[in-house]
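K.L.:
Below is the file work36.cif, with mmCIF, C-alpha atoms.
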data_protein
#
loop_
_atom_site.label_atom_id
_atom_site.label_comp_id
_atom_site.auth_asym_id
_atom_site.auth_seq_id
_atom_site.Cartn_x
_atom_site.Cartn_y
_atom_site.Cartn_z
CA MET A 1 -26.40 42.04 2.72
CA ALA A 2 -26.68 38.40 1.62
CA ASN A 3 -24.34 35.91 3.24
CA LYS A 4 -21.28 35.10 1.16
CA ARG A 5 -21.58 31.65 -0.39
CA ASN A 6 -19.25 28.89 0.69
CA TYR A 7 -18.52 27.12 -2.60
CA GLN A 8 -16.39 24.45 -0.95
CA ARG A 9 -19.30 23.51 1.30
CA GLU A 10 -21.60 23.34 -1.74
CA LEU A 11 -19.13 21.03 -3.46
CA ASP A 12 -18.99 18.84 -0.34
CA GLN A 13 -22.77 18.53 -0.39
CA ILE A 14 -22.82 17.53 -4.06
CA ILE A 15 -20.14 14.89 -3.50
CA LYS A 16 -22.00 13.50 -0.48
CA LYS A 17 -25.26 13.25 -2.42
CA MET A 18 -23.48 11.47 -5.27
CA SER A 19 -21.80 9.02 -2.90
CA ASP A 20 -25.04 8.30 -1.06
CA ALA A 21 -26.88 7.72 -4.35
CA VAL A 22 -24.25 5.30 -5.65
CA LYS A 23 -24.27 3.35 -2.38
CA ALA A 24 -28.06 3.18 -2.47
CA ASP A 25 -28.03 1.91 -6.06
CA PHE A 26 -25.44 -0.80 -5.43
CA GLY A 27 -26.27 -1.75 -1.86
CA SER A 28 -22.90 -1.16 -0.19
CA GLU A 29 -19.79 0.97 -0.36
CA ARG A 30 -17.69 -1.94 -1.64
CA LYS A 31 -20.15 -2.79 -4.41
CA ALA A 32 -20.32 0.90 -5.33
CA GLU A 33 -16.54 0.99 -5.70
CA GLU A 34 -16.64 -2.12 -7.87
CA ALA A 35 -19.30 -0.53 -10.06
CA SER A 36 -17.32 2.69 -10.53
CA GLY A 37 -15.48 1.28 -13.54
CA SER A 38 -18.74 0.56 -15.31
CA GLY A 39 -20.14 4.07 -15.34
CA GLY A 40 -21.26 4.40 -11.71
CA VAL A 41 -19.11 7.54 -11.34
CA PRO A 42 -20.20 10.89 -12.84
CA SER A 43 -18.15 12.52 -15.57
CA LEU A 44 -16.50 15.92 -15.20
CA LEU A 45 -15.01 18.21 -17.82
CA LEU A 46 -12.31 20.10 -15.95
CA HIS A 47 -11.00 23.25 -17.60
CA SER A 48 -7.35 23.60 -16.59
CA CYS A 49 -5.36 26.81 -16.65
CA CYS A 50 -2.03 25.06 -15.99
CA ALA A 51 -0.48 21.90 -14.57
CA PRO A 52 0.43 23.33 -11.13
CA CYS A 53 -3.13 24.53 -10.48
CA SER A 54 -4.60 21.25 -11.71
CA SER A 55 -2.38 19.05 -9.52
CA TYR A 56 -4.37 19.28 -6.29
CA VAL A 57 -7.69 19.40 -8.12
CA LEU A 58 -6.93 16.12 -9.93
CA GLU A 59 -5.73 14.45 -6.74
CA TYR A 60 -8.90 15.56 -4.96
CA LEU A 61 -11.66 15.18 -7.55
CA SER A 62 -10.48 11.99 -9.25
CA GLN A 63 -11.79 10.20 -6.16
CA TYR A 64 -15.33 11.14 -7.15
CA PHE A 65 -15.38 11.82 -10.90
CA ARG A 66 -14.21 10.45 -14.23
CA ILE A 67 -12.26 13.52 -15.31
CA THR A 68 -11.43 14.85 -18.74
CA VAL A 69 -9.04 17.79 -18.56
CA PHE A 70 -9.81 20.46 -21.16
CA TYR A 71 -6.77 22.61 -21.84
CA TYR A 72 -8.16 25.70 -23.56
CA ASN A 73 -6.21 28.90 -22.87
CA PRO A 74 -5.87 31.21 -25.90
CA ASN A 75 -4.91 34.02 -23.53
CA ILE A 76 -1.40 32.67 -23.00
CA TYR A 77 1.49 34.68 -24.43
CA PRO A 78 3.76 33.96 -26.22
CA GLU A 79 3.01 30.77 -28.14
CA GLU A 80 6.17 29.08 -26.85
CA GLU A 81 4.87 29.62 -23.32
CA TYR A 82 1.59 27.98 -24.32
CA ALA A 83 3.42 24.96 -25.72
CA LYS A 84 5.48 24.61 -22.54
CA ARG A 85 2.38 24.69 -20.33
CA VAL A 86 0.58 22.12 -22.46
CA ARG A 87 3.54 19.75 -22.21
CA GLU A 88 3.60 20.11 -18.44
CA GLN A 89 -0.12 19.39 -18.22
CA HIS A 90 0.26 16.22 -20.28
CA ARG A 91 3.29 15.09 -18.27
CA LEU A 92 1.54 15.65 -14.94
CA ILE A 93 -1.49 13.55 -15.91
CA GLU A 94 0.73 10.73 -17.13
CA GLU A 95 2.94 10.71 -14.05
CA MET A 96 0.07 10.98 -11.58
CA GLY A 97 -1.52 8.02 -13.33
CA GLU A 98 1.69 5.99 -13.21
CA LYS A 99 2.07 6.67 -9.48
CA GLY A 100 -1.50 5.57 -8.79
CA ILE A 101 -2.50 8.97 -7.42
CA LEU A 102 -5.58 9.17 -9.64
CA THR A 103 -8.48 7.07 -8.35
CA HIS A 104 -10.10 7.07 -11.80
CA PRO A 105 -8.23 7.49 -15.12
CA VAL A 106 -7.90 11.05 -16.40
CA ARG A 107 -7.70 11.98 -20.07
CA LEU A 108 -6.69 15.22 -21.76
CA ILE A 109 -8.32 17.23 -24.53
CA LYS A 110 -6.19 20.01 -25.99
CA GLY A 111 -8.29 22.93 -27.15
CA ARG A 112 -7.28 25.03 -30.13
CA PHE A 113 -4.82 27.84 -29.63
CA ASP A 114 -5.88 31.00 -31.44
CA SER A 115 -4.84 34.14 -29.58
CA ARG A 116 -7.22 36.21 -31.73
CA GLU A 117 -10.10 34.73 -29.72
CA PHE A 118 -8.63 36.20 -26.54
CA TYR A 119 -7.88 39.63 -28.00
CA GLN A 120 -11.40 39.81 -29.42
CA ALA A 121 -12.90 38.89 -26.04
CA VAL A 122 -10.96 41.60 -24.14
CA ARG A 123 -11.13 44.36 -26.75
CA GLY A 124 -11.45 47.71 -25.02
CA LEU A 125 -10.31 46.27 -21.69
CA GLU A 126 -6.59 46.14 -22.40
CA GLN A 127 -5.70 48.84 -19.85
CA ILE A 128 -7.78 47.39 -17.01
CA PRO A 129 -5.50 46.17 -14.18
CA GLU A 130 -5.07 42.47 -13.53
CA GLY A 131 -7.98 41.03 -11.57
CA GLY A 132 -10.62 43.30 -13.10
CA GLU A 133 -13.07 43.21 -16.00
CA ARG A 134 -10.47 42.04 -18.52
CA CYS A 135 -9.89 38.91 -16.45
CA PHE A 136 -13.65 38.38 -16.10
CA ALA A 137 -14.04 38.50 -19.89
CA CYS A 138 -11.21 35.97 -20.17
CA PHE A 139 -12.94 33.71 -17.63
CA ARG A 140 -16.11 33.79 -19.69
CA LEU A 141 -14.28 33.00 -22.93
CA ARG A 142 -12.61 29.90 -21.51
CA LEU A 143 -15.58 28.70 -19.52
CA SER A 144 -18.00 29.19 -22.42
CA GLN A 145 -15.93 26.85 -24.58
CA SER A 146 -15.80 24.39 -21.67
CA ALA A 147 -19.57 24.51 -21.20
CA LYS A 148 -20.15 24.05 -24.92
CA LEU A 149 -17.86 21.00 -25.05
CA ALA A 150 -19.36 19.52 -21.88
CA ALA A 151 -22.90 19.88 -23.21
CA ALA A 152 -22.05 18.49 -26.65
CA ASN A 153 -20.41 15.39 -25.16
CA GLY A 154 -22.88 14.62 -22.40
CA PHE A 155 -20.69 15.36 -19.38
CA ASP A 156 -22.47 15.39 -16.03
CA TYR A 157 -20.58 18.47 -14.80
CA PHE A 158 -18.01 21.05 -15.83
CA THR A 159 -15.77 23.32 -13.75
CA THR A 160 -12.34 24.98 -13.76
CA THR A 161 -9.10 24.86 -11.78
CA LEU A 162 -8.89 28.66 -11.76
CA SER A 163 -10.44 29.07 -8.30
CA ILE A 164 -7.37 27.49 -6.67
CA SER A 165 -5.40 30.69 -7.17
CA PRO A 166 -5.50 33.21 -4.29
CA LEU A 167 -5.43 35.89 -7.00
CA LYS A 168 -8.58 34.70 -8.82
CA ASN A 169 -12.08 35.85 -7.89
CA ALA A 170 -13.89 32.62 -6.95
CA GLU A 171 -17.25 34.36 -6.68
CA LYS A 172 -17.00 35.74 -10.22
CA LEU A 173 -15.80 32.37 -11.57
CA ASN A 174 -18.77 30.56 -10.04
CA GLU A 175 -21.26 33.21 -11.16
CA THR A 176 -19.92 32.90 -14.72
CA GLY A 177 -20.00 29.10 -14.58
CA GLU A 178 -23.59 29.05 -13.32
CA THR A 179 -24.73 31.47 -16.03
CA LEU A 180 -23.13 29.32 -18.73
CA ALA A 181 -24.57 26.16 -17.19
CA ARG A 182 -28.07 27.56 -17.68
CA GLU A 183 -27.20 28.74 -21.18
CA TYR A 184 -25.81 25.39 -22.38
CA GLY A 185 -27.87 23.01 -20.25
CA VAL A 186 -25.03 21.31 -18.37
CA LYS A 187 -24.38 21.31 -14.61
CA TRP A 188 -21.72 23.53 -13.11
CA LEU A 189 -19.65 22.10 -10.27
CA PRO A 190 -19.12 24.90 -7.71
CA SER A 191 -15.60 25.28 -6.38
CA ASP A 192 -13.17 27.31 -4.36
CA PHE A 193 -10.21 24.96 -4.54
CA LYS A 194 -7.91 27.24 -2.54
CA LYS A 195 -9.92 26.27 0.57
CA ARG A 196 -8.60 23.58 2.93
CA ASN A 197 -5.04 24.42 1.95
CA GLY A 198 -5.72 23.48 -1.67
CA TYR A 199 -3.31 26.10 -2.97
CA LYS A 200 -0.65 25.00 -0.48
CA ARG A 201 -1.10 21.39 -1.60
CA SER A 202 -0.73 22.43 -5.25
CA VAL A 203 2.62 24.03 -4.40
CA GLU A 204 3.73 20.82 -2.68
CA LEU A 205 2.66 18.68 -5.64
CA SER A 206 4.36 21.05 -8.07
CA ALA A 207 7.62 20.55 -6.19
CA GLU A 208 7.09 16.78 -6.01
CA TYR A 209 6.60 16.51 -9.79
CA GLY A 210 9.13 19.19 -10.68
CA LEU A 211 6.50 21.26 -12.49
CA TYR A 212 7.27 24.48 -14.29
CA ARG A 213 5.58 27.24 -12.26
CA GLN A 214 5.10 30.38 -14.30
CA ASP A 215 5.51 33.81 -12.67
CA TYR A 216 2.61 35.49 -14.48
CA CYS A 217 -0.97 34.49 -15.17
CA GLY A 218 -0.56 33.97 -18.88
CA CYS A 219 -1.60 36.88 -21.08
CA VAL A 220 0.65 39.59 -22.46
CA PHE A 221 -0.94 42.16 -20.15
CA SER A 222 -0.24 40.15 -16.99
CA LYS A 223 3.30 39.58 -18.26
CA GLN A 224 3.80 43.32 -18.70
CA GLU A 225 2.42 44.05 -15.23
CA ARG A 226 4.74 41.45 -13.73
CA GLU A 227 7.76 42.90 -15.52
CA MET A 228 6.92 46.45 -14.40
CA ALA A 229 6.46 45.32 -10.79
CA GLU A 230 9.79 43.49 -10.91
CA ALA A 231 11.53 46.58 -12.33
CA LYS A 232 10.12 48.74 -9.52
CA ARG A 233 11.22 46.20 -6.93
CA LYS A 234 14.79 46.27 -8.24
CA GLN A 235 14.83 50.08 -8.19
#
As structure tokens, how would this structure be written, given the file I've shared?

P.N.:
Amino acid sequence: MANKRNYQRELDQIIKKMSDAVKADFGSERKAEEASGSGGVPSLLLHSCCAPCSSYVLEYLSQYFRITVFYYNPNIYPEEEYAKRVREQHRLIEEMGEKGILTHPVRLIKGRFDSREFYQAVRGLEQIPEGGERCFACFRLRLSQSAKLAAANGFDYFTTTLSISPLKNAEKLNETGETLAREYGVKWLPSDFKKRNGYKRSVELSAEYGLYRQDYCGCVFSKQEREMAEAKRKQ
């Protein structure tokens, strides 16, 4: 059996290579930092599933990348929930910037919200339990739009915040991202953001910024599963 990949270690190696290359180009760490505002830092399109999950990722990766957050989540149900999560994402980026938490400025792109795209992507998988093939199809839908946008706009890398969740399959997310990277010709940034207490840090940051933390993943099926589990618990 092949050894399980350590995506956090792979990310560390990429960051180290980038840092070493910038230092070599500009002669010293200080000059490299001064050059960062003039394009010396690679660009990253970061697909975000929600503000709480993005909090730690932004704090961490803004040290090394010029980040554009891409909020594309047509799976979210109902539409009022989607609007609430978008507002929280926008507020978090603004407040982190105001507090000086972000090493490099972060901007936000709001993707279109058309729930029909989600239902089309998961057709026939509606009864699959949370965490299975329906979720994998949803991953691919959101990451394919991210890869397409990243390629069209010349980003150096793309990735997603989804791997920060203990409930999300990091291996499947990275496999999907790598497949789409080859398909669209843009580099995938490997990740398993829950490592090194990333999830714990996201909970701390969510409390610090007073973020709305939803109690279900987002889609109507995860909402139904959550409600049924809660009903059983009360019984």

K.L.:
Written as a list of chain:residue names, which residues does the PyMOL selection byres ((chain A and resi 183) around 12) give for the file shown?

P.N.:
A:Leu143, A:Ser144, A:Gln145, A:Ala147, A:Lys148, A:Ala151, A:Thr176, A:Gly177, A:Glu178, A:Thr179, A:Leu180, A:Ala181, A:Arg182, A:Tyr184, A:Gly185, A:Val186, A:Lys187, A:Trp188

K.L.:
Excluding same-chain residues fewer than 6 positions from region 160-166 of chain A, what lies within 9 Å of it counting only C-alpha atoms, as a ChimeraX atom specification?

P.N.:
/A:45-50,53-54,56-57,139,143,146,173-174,177,189,191-195,198-199,202

K.L.:
Quick one: residues within 10 Å of (1.4, 35.6, -15.3) (file frame), counting only C-alpha atoms, please, as an mmCIF file with C-alpha atoms, keeping the file's coordinate frame.

P.N.:
data_model
loop_
_atom_site.group_PDB
_atom_site.id
_atom_site.type_symbol
_atom_site.label_atom_id
_atom_site.label_comp_id
_atom_site.auth_asym_id
_atom_site.auth_seq_id
_atom_site.Cartn_x
_atom_site.Cartn_y
_atom_site.Cartn_z
ATOM 1 C CA ILE A 76 -1.400 32.670 -23.000
ATOM 2 C CA TYR A 77 1.490 34.680 -24.430
ATOM 3 C CA GLU A 130 -5.070 42.470 -13.530
ATOM 4 C CA ARG A 213 5.580 27.240 -12.260
ATOM 5 C CA GLN A 214 5.100 30.380 -14.300
ATOM 6 C CA ASP A 215 5.510 33.810 -12.670
ATOM 7 C CA TYR A 216 2.610 35.490 -14.480
ATOM 8 C CA CYS A 217 -0.970 34.490 -15.170
ATOM 9 C CA GLY A 218 -0.560 33.970 -18.880
ATOM 10 C CA CYS A 219 -1.600 36.880 -21.080
ATOM 11 C CA VAL A 220 0.650 39.590 -22.460
ATOM 12 C CA PHE A 221 -0.940 42.160 -20.150
ATOM 13 C CA SER A 222 -0.240 40.150 -16.990
ATOM 14 C CA LYS A 223 3.300 39.580 -18.260
ATOM 15 C CA GLN A 224 3.800 43.320 -18.700
ATOM 16 C CA GLU A 225 2.420 44.050 -15.230
ATOM 17 C CA ARG A 226 4.740 41.450 -13.730
ATOM 18 C CA GLU A 227 7.760 42.900 -15.520
#

K.L.:
With only C-alpha atoms as the basis for distance, which of A:Leu149, A:Met18, A:Val41, A:Leu92 is at the shortest distance from Gly210 (chain A)?

P.N.:
A:Leu92

K.L.:
Using Å and a single decimal, report how far CA of Leu108 (chain A) sits from CA of Glu88 (chain A).

P.N.:
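Result for CA of Glu88 (chain A) versus CA of Leu108 (chain A): 11.9 Å, one decimal.
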
K.L.:
Mind giving me the straight-line distance from CA of Lys232 (chain A) to CA of Cys135 (chain A) in Å, one decimal?

P.N.:
23.3 Å

K.L.:
Suppose you want the space between CA of Val122 (chain A) and CA of Arg134 (chain A); what is it in Å?

P.N.:
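Here the two named atoms are 5.7 Å from each other.
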
K.L.:
Name all residues at most 8 Å from Leu11 (chain A) (count all atoms listed in the file; drop same-chain ones fewer than 3 positions away) and give them as a list of chain:residue names.

P.N.:
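With the cut-off at 8 Å, the set is A:Tyr7, A:Gln8, A:Ile14, A:Ile15, A:Leu189, A:Pro190, A:Ser191.
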
K.L.:
Between A:Ala150, A:Gln235, A:Pro74, A:Tyr82, which has the minimum distance to Phe118 (chain A) (counting all atoms listed in the file)?

P.N.:
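Using all atoms listed in the file, the shortest distance to Phe118 (chain A) belongs to A:Pro74.
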
K.L.:
Please give the centre and size of the box around region 114-125 of chain A (axis-aligned, containing every atom listed in the file, 4 Å added per side), with values in Å to one decimal and written as lines of an AutoDock Vina configuration file.

P.N.:
center_x = -8.9
center_y = 39.4
center_z = -26.7
size_x = 16.1
size_y = 24.7
size_z = 18.0

K.L.:
Rank nothing, just name the residue among A:Tyr60, A:Gly131, A:Arg107, A:Glu79 nearest to Leu167 (chain A), using only C-alpha atoms.

P.N.:
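Looking only at the distances to Leu167 (chain A), the closest residue turns out to be A:Gly131.
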
K.L.:
Using all atoms listed in the file and a cutoff of 9 Å, can you tell me which residues are near (-10.1, 14.2, -17.9) in the file's coordinates, and write them out as a VMD selection string?

P.N.:
chain A and resid 43 to 46 58 62 66 to 70 93 105 to 109

K.L.:
Have a look at A:Val203, A:Ala51, A:Leu61, A:Val22 and name the one nearest to Ile101 (chain A); count only C-alpha atoms.

P.N.:
A:Leu61
